[in-house]
file target_29.csv (CSV, C-alpha atoms)
chain,number,residue,atom,x,y,z
A,1,MET,CA,127.2,-74.6,-95.8
A,2,ARG,CA,128.3,-72.4,-93.0
A,3,PHE,CA,130.0,-73.6,-89.8
A,4,LEU,CA,128.5,-72.6,-86.5
A,5,LYS,CA,130.2,-69.5,-85.3
A,6,HIS,CA,130.8,-71.0,-81.9
A,7,SER,CA,132.5,-74.2,-83.2
A,8,ILE,CA,136.2,-74.6,-82.6
A,9,ASP,CA,136.9,-75.2,-86.3
A,10,TYR,CA,135.2,-71.9,-87.3
A,11,GLN,CA,137.1,-69.9,-84.7
A,12,ILE,CA,140.5,-71.5,-85.7
A,13,ASN,CA,139.8,-70.6,-89.3
A,14,MET,CA,138.8,-67.1,-88.5
A,15,GLU,CA,141.9,-66.6,-86.3
A,16,ALA,CA,144.1,-67.8,-89.3
A,17,PHE,CA,142.2,-65.4,-91.5
A,18,HIS,CA,142.9,-62.5,-89.2
A,19,GLU,CA,146.6,-63.4,-89.0
A,20,MET,CA,146.9,-63.5,-92.8
A,21,GLU,CA,144.9,-60.3,-93.1
A,22,ASP,CA,147.4,-58.6,-90.7
A,23,CYS,CA,150.6,-60.0,-92.4
A,24,VAL,CA,149.8,-60.4,-96.1
A,25,PRO,CA,149.1,-57.4,-98.3
A,26,MET,CA,146.0,-58.0,-100.4
A,27,THR,CA,143.4,-56.0,-102.3
A,28,ARG,CA,139.9,-55.5,-101.0
A,29,LYS,CA,138.5,-58.0,-103.5
A,30,GLU,CA,141.0,-60.6,-102.4
A,31,ARG,CA,140.3,-60.0,-98.7
A,32,SER,CA,136.5,-60.3,-99.4
A,33,ALA,CA,137.0,-63.6,-101.3
A,34,LEU,CA,139.2,-65.0,-98.6
A,35,CYS,CA,136.8,-64.0,-95.8
A,36,SER,CA,133.9,-65.6,-97.7
A,37,TRP,CA,135.9,-68.8,-98.1
A,38,VAL,CA,136.7,-68.9,-94.4
A,39,LYS,CA,133.1,-68.1,-93.3
A,40,GLN,CA,131.9,-71.1,-95.4
A,41,GLY,CA,134.0,-73.2,-93.0
A,42,TYR,CA,137.1,-73.8,-95.1
A,43,ASP,CA,140.7,-73.6,-94.0
A,44,ILE,CA,142.8,-70.9,-95.6
A,45,GLU,CA,145.4,-73.5,-96.5
A,46,THR,CA,143.0,-75.1,-99.0
A,47,ASN,CA,141.5,-73.8,-102.3
A,48,PRO,CA,138.5,-74.7,-104.4
A,49,TRP,CA,140.5,-75.0,-107.6
A,50,GLU,CA,142.7,-77.8,-106.3
A,51,PHE,CA,145.9,-76.0,-107.2
A,52,THR,CA,149.0,-77.5,-105.7
A,53,ASP,CA,152.7,-76.6,-105.2
A,54,SER,CA,155.5,-78.6,-106.7
A,55,ASP,CA,155.4,-81.1,-103.9
A,56,GLY,CA,151.7,-81.8,-104.4
A,57,TRP,CA,150.5,-79.9,-101.3
A,58,PRO,CA,147.5,-77.5,-101.8
A,59,LEU,CA,148.2,-73.9,-102.2
A,60,ASN,CA,146.7,-71.5,-99.7
A,61,TYR,CA,143.5,-69.8,-100.8
A,62,LEU,CA,145.1,-66.4,-101.5
A,63,ARG,CA,147.9,-67.8,-103.7
A,64,ALA,CA,145.5,-70.0,-105.6
A,65,TYR,CA,143.0,-67.1,-106.0
A,66,ARG,CA,145.8,-65.0,-107.6
A,67,LEU,CA,146.7,-67.8,-110.0
A,68,HIS,CA,143.1,-68.5,-110.9
A,69,HIS,CA,142.6,-64.8,-111.7
A,70,GLY,CA,145.7,-64.6,-113.9
A,71,TYR,CA,148.3,-63.0,-111.6
A,72,SER,CA,150.8,-64.8,-109.4
A,73,SER,CA,152.6,-61.7,-108.2
A,74,GLY,CA,152.0,-58.0,-107.7
A,75,PRO,CA,153.3,-55.0,-105.7
A,76,TRP,CA,153.4,-57.2,-102.6
A,77,ASP,CA,156.1,-59.3,-104.3
A,78,GLU,CA,158.3,-56.5,-105.6
A,79,TRP,CA,161.1,-57.3,-103.2
A,80,ARG,CA,161.5,-60.7,-104.8
A,81,GLY,CA,164.0,-61.3,-107.5
A,82,PRO,CA,163.6,-63.4,-110.7
A,83,GLU,CA,165.1,-66.5,-108.9
A,84,ASP,CA,161.9,-66.6,-106.8
A,85,GLU,CA,159.5,-66.6,-109.8
A,86,MET,CA,157.5,-69.7,-110.1
A,87,MET,CA,156.4,-71.6,-113.2
A,88,TRP,CA,152.8,-72.8,-113.5
A,89,ASP,CA,151.8,-75.9,-115.3
A,90,ILE,CA,148.2,-75.5,-116.4
A,91,SER,CA,147.6,-79.1,-117.3
A,92,THR,CA,148.5,-80.4,-113.8
A,93,LYS,CA,147.3,-77.3,-111.9
A,94,SER,CA,150.6,-77.2,-110.0
A,95,ILE,CA,153.8,-75.3,-109.7
A,96,ILE,CA,156.7,-76.8,-111.6
A,97,PRO,CA,159.6,-77.8,-109.3
A,98,GLU,CA,162.6,-75.4,-109.7
A,99,GLU,CA,164.9,-78.2,-110.8
A,100,ASN,CA,162.6,-78.8,-113.8
A,101,PHE,CA,162.8,-75.3,-115.2
A,102,ASP,CA,164.2,-75.2,-118.7

call {"tool": "encode", "arguments": {"input": "target_29.csv", "output": "structure tokens"}}
result
Amino acid sequence: MRFLKHSIDYQINMEAFHEMEDCVPMTRKERSALCSWVKQGYDIETNPWEFTDSDGWPLNYLRAYRLHHGYSSGPWDEWRGPEDEMMWDISTKSIIPEENFD
């Protein structure tokens, strides 16, 4: 189901998409998938896989997309050090809180 292009929700979602597009490096395939998600009327802060962070909040679409397709980092994250790496729990579909790392 697509939202009406003139609805306020659709316009807010598209504005958030354009902000993310300007600020977050992503591949053409990621950009296309994110755009498709937003054009269907969904918020970029949600994801179809129901992936959550360590506090139980949904991951944004792009981060969940990257996890779903088997990569959580890439050249856009090369400035980060190992202390910023996250651990993924497949059974709960969530990020393990840092204090629970073994």

call {"tool": "closest_residue", "arguments": {"input": "target_29.csv", "among": "A:Gln11, A:His6, A:Cys23, A:Ser91", "to": "A:Thr52", "atoms": "all atoms listed in the file"}}
result
A:Ser91

call {"tool": "closest_residue", "arguments": {"input": "target_29.csv", "among": "A:Ser94, A:Tyr10, A:Arg63, A:Tyr71", "to": "A:Leu34", "atoms": "only C-alpha atoms"}}
result
A:Arg63

call {"tool": "atom_distance", "arguments": {"input": "target_29.csv", "atom1": "atom CA of A:Asp9", "atom2": "atom CA of A:Ile44"}}
result
11.8 Å

call {"tool": "closest_residue", "arguments": {"input": "target_29.csv", "among": "A:Lys5, A:Tyr61, A:Met20, A:His69", "to": "A:Tyr42", "atoms": "only C-alpha atoms"}}
result
A:Tyr61

call {"tool": "atom_distance", "arguments": {"input": "target_29.csv", "atom1": "atom CA of A:Glu50", "atom2": "atom CA of A:His68"}}
result
10.4 Å

call {"tool": "residues_around", "arguments": {"input": "target_29.csv", "residues": "A:Trp49", "least_positions_apart": "4", "cutoff": "10 Å", "atoms": "all atoms listed in the file", "output": "list in words"}}
result
Pro58, Leu59, Tyr61, Ala64, Tyr65, Leu67, His68 and Lys93 of chain A

call {"tool": "write_last_selection", "arguments": {"input": "target_29.csv", "atoms": "C-alpha atoms", "output": "compact mmCIF listing (two decimals), keeping the file's coordinate frame"}}
result
# COMPACT_ATOMS: atom_id res chain seq x y z
CA PRO A 58 147.50 -77.50 -101.80
CA LEU A 59 148.20 -73.90 -102.20
CA TYR A 61 143.50 -69.80 -100.80
CA ALA A 64 145.50 -70.00 -105.60
CA TYR A 65 143.00 -67.10 -106.00
CA LEU A 67 146.70 -67.80 -110.00
CA HIS A 68 143.10 -68.50 -110.90
CA LYS A 93 147.30 -77.30 -111.90

call {"tool": "closest_residue", "arguments": {"input": "target_29.csv", "among": "A:Thr92, A:Asp53, A:Asn60, A:Val38", "to": "A:His18", "atoms": "only C-alpha atoms"}}
result
A:Val38

call {"tool": "residues_around", "arguments": {"input": "target_29.csv", "residues": "A:Ile12", "least_positions_apart": "5", "cutoff": "9 Å", "atoms": "only C-alpha atoms", "output": "list in words"}}
result
Ser7, Phe17 and Asp43 of chain A

call {"tool": "write_last_selection", "arguments": {"input": "target_29.csv", "atoms": "C-alpha atoms", "output": "mmCIF file, in the frame of the given file"}}
result
data_model
loop_
_atom_site.group_PDB
_atom_site.id
_atom_site.type_symbol
_atom_site.label_atom_id
_atom_site.label_comp_id
_atom_site.auth_asym_id
_atom_site.auth_seq_id
_atom_site.Cartn_x
_atom_site.Cartn_y
_atom_site.Cartn_z
ATOM 1 C CA SER A 7 132.500 -74.200 -83.200
ATOM 2 C CA PHE A 17 142.200 -65.400 -91.500
ATOM 3 C CA ASP A 43 140.700 -73.600 -94.000
#

call {"tool": "atom_distance", "arguments": {"input": "target_29.csv", "atom1": "atom CA of A:Glu30", "atom2": "atom CA of A:Met14"}}
result
15.5 Å

call {"tool": "closest_atom_pairs", "arguments": {"input": "target_29.csv", "of": "stretch 33-56 of chain A", "to": "stretch 25-29 of chain A", "cutoff": "12 Å", "atoms": "all atoms listed in the file", "output": "Markdown table"}}
result
| residue | atom | partner | partner_atom | distance |
| --- | --- | --- | --- | --- |
| A:Ala33 | CA | A:Lys29 | CA | 6.2 |
| A:Leu34 | CA | A:Lys29 | CA | 8.6 |
| A:Cys35 | CA | A:Lys29 | CA | 9.9 |
| A:Ser36 | CA | A:Lys29 | CA | 10.6 |

call {"tool": "closest_residue", "arguments": {"input": "target_29.csv", "among": "A:Ser54, A:Leu62, A:Ile8, A:Glu21", "to": "A:Trp37", "atoms": "all atoms listed in the file"}}
result
A:Leu62

call {"tool": "build_atoms", "arguments": {"input": "target_29.csv", "residues": "stretch 50-73 of chain A", "atoms": "N, CA and C atoms", "output": "PDB file, in the frame of the given file"}}
result
ATOM      1  N   GLU A  50     141.791 -76.684-106.437  1.00  0.00           N
ATOM      2  CA  GLU A  50     142.700 -77.800-106.300  1.00  0.00           C
ATOM      3  C   GLU A  50     144.085 -77.564-106.825  1.00  0.00           C
ATOM      4  N   PHE A  51     144.550 -76.306-106.762  1.00  0.00           N
ATOM      5  CA  PHE A  51     145.900 -76.000-107.200  1.00  0.00           C
ATOM      6  C   PHE A  51     146.883 -76.459-106.136  1.00  0.00           C
ATOM      7  N   THR A  52     148.025 -76.992-106.596  1.00  0.00           N
ATOM      8  CA  THR A  52     149.000 -77.500-105.700  1.00  0.00           C
ATOM      9  C   THR A  52     150.392 -76.920-105.954  1.00  0.00           C
ATOM     10  N   ASP A  53     151.285 -77.059-104.968  1.00  0.00           N
ATOM     11  CA  ASP A  53     152.700 -76.600-105.200  1.00  0.00           C
ATOM     12  C   ASP A  53     153.447 -77.750-105.825  1.00  0.00           C
ATOM     13  N   SER A  54     154.743 -77.582-105.976  1.00  0.00           N
ATOM     14  CA  SER A  54     155.500 -78.600-106.700  1.00  0.00           C
ATOM     15  C   SER A  54     155.651 -79.900-105.925  1.00  0.00           C
ATOM     16  N   ASP A  55     155.334 -79.906-104.644  1.00  0.00           N
ATOM     17  CA  ASP A  55     155.400 -81.100-103.900  1.00  0.00           C
ATOM     18  C   ASP A  55     153.994 -81.807-103.764  1.00  0.00           C
ATOM     19  N   GLY A  56     152.990 -81.214-104.399  1.00  0.00           N
ATOM     20  CA  GLY A  56     151.700 -81.800-104.400  1.00  0.00           C
ATOM     21  C   GLY A  56     150.774 -81.314-103.240  1.00  0.00           C
ATOM     22  N   TRP A  57     151.266 -80.401-102.421  1.00  0.00           N
ATOM     23  CA  TRP A  57     150.500 -79.900-101.300  1.00  0.00           C
ATOM     24  C   TRP A  57     149.571 -78.738-101.856  1.00  0.00           C
ATOM     25  N   PRO A  58     148.361 -78.607-101.317  1.00  0.00           N
ATOM     26  CA  PRO A  58     147.500 -77.500-101.800  1.00  0.00           C
ATOM     27  C   PRO A  58     148.050 -76.157-101.526  1.00  0.00           C
ATOM     28  N   LEU A  59     147.852 -75.250-102.468  1.00  0.00           N
ATOM     29  CA  LEU A  59     148.200 -73.900-102.200  1.00  0.00           C
ATOM     30  C   LEU A  59     147.219 -73.223-101.308  1.00  0.00           C
ATOM     31  N   ASN A  60     147.656 -72.226-100.545  1.00  0.00           N
ATOM     32  CA  ASN A  60     146.700 -71.500 -99.700  1.00  0.00           C
ATOM     33  C   ASN A  60     145.704 -70.774-100.599  1.00  0.00           C
ATOM     34  N   TYR A  61     144.568 -70.419-100.046  1.00  0.00           N
ATOM     35  CA  TYR A  61     143.500 -69.800-100.800  1.00  0.00           C
ATOM     36  C   TYR A  61     143.951 -68.582-101.580  1.00  0.00           C
ATOM     37  N   LEU A  62     144.670 -67.697-100.917  1.00  0.00           N
ATOM     38  CA  LEU A  62     145.100 -66.400-101.500  1.00  0.00           C
ATOM     39  C   LEU A  62     145.983 -66.644-102.734  1.00  0.00           C
ATOM     40  N   ARG A  63     146.948 -67.516-102.581  1.00  0.00           N
ATOM     41  CA  ARG A  63     147.900 -67.800-103.700  1.00  0.00           C
ATOM     42  C   ARG A  63     147.138 -68.418-104.867  1.00  0.00           C
ATOM     43  N   ALA A  64     146.256 -69.365-104.558  1.00  0.00           N
ATOM     44  CA  ALA A  64     145.500 -70.000-105.600  1.00  0.00           C
ATOM     45  C   ALA A  64     144.516 -69.021-106.269  1.00  0.00           C
ATOM     46  N   TYR A  65     143.930 -68.141-105.489  1.00  0.00           N
ATOM     47  CA  TYR A  65     143.000 -67.100-106.000  1.00  0.00           C
ATOM     48  C   TYR A  65     143.768 -66.239-107.020  1.00  0.00           C
ATOM     49  N   ARG A  66     144.984 -65.847-106.665  1.00  0.00           N
ATOM     50  CA  ARG A  66     145.800 -65.000-107.600  1.00  0.00           C
ATOM     51  C   ARG A  66     146.119 -65.725-108.855  1.00  0.00           C
ATOM     52  N   LEU A  67     146.458 -67.001-108.768  1.00  0.00           N
ATOM     53  CA  LEU A  67     146.700 -67.800-110.000  1.00  0.00           C
ATOM     54  C   LEU A  67     145.480 -67.961-110.818  1.00  0.00           C
ATOM     55  N   HIS A  68     144.377 -68.255-110.161  1.00  0.00           N
ATOM     56  CA  HIS A  68     143.100 -68.500-110.900  1.00  0.00           C
ATOM     57  C   HIS A  68     142.685 -67.218-111.634  1.00  0.00           C
ATOM     58  N   HIS A  69     142.969 -66.054-111.081  1.00  0.00           N
ATOM     59  CA  HIS A  69     142.600 -64.800-111.700  1.00  0.00           C
ATOM     60  C   HIS A  69     143.685 -64.222-112.599  1.00  0.00           C
ATOM     61  N   GLY A  70     144.721 -65.017-112.854  1.00  0.00           N
ATOM     62  CA  GLY A  70     145.700 -64.600-113.900  1.00  0.00           C
ATOM     63  C   GLY A  70     146.894 -63.836-113.399  1.00  0.00           C
ATOM     64  N   TYR A  71     147.106 -63.724-112.099  1.00  0.00           N
ATOM     65  CA  TYR A  71     148.300 -63.000-111.600  1.00  0.00           C
ATOM     66  C   TYR A  71     148.874 -63.761-110.445  1.00  0.00           C
ATOM     67  N   SER A  72     150.164 -64.036-110.507  1.00  0.00           N
ATOM     68  CA  SER A  72     150.800 -64.800-109.400  1.00  0.00           C
ATOM     69  C   SER A  72     151.655 -63.841-108.565  1.00  0.00           C
ATOM     70  N   SER A  73     151.831 -62.624-109.022  1.00  0.00           N
ATOM     71  CA  SER A  73     152.600 -61.700-108.200  1.00  0.00           C
ATOM     72  C   SER A  73     152.024 -60.296-108.400  1.00  0.00           C
TER      73      SER A  73
END
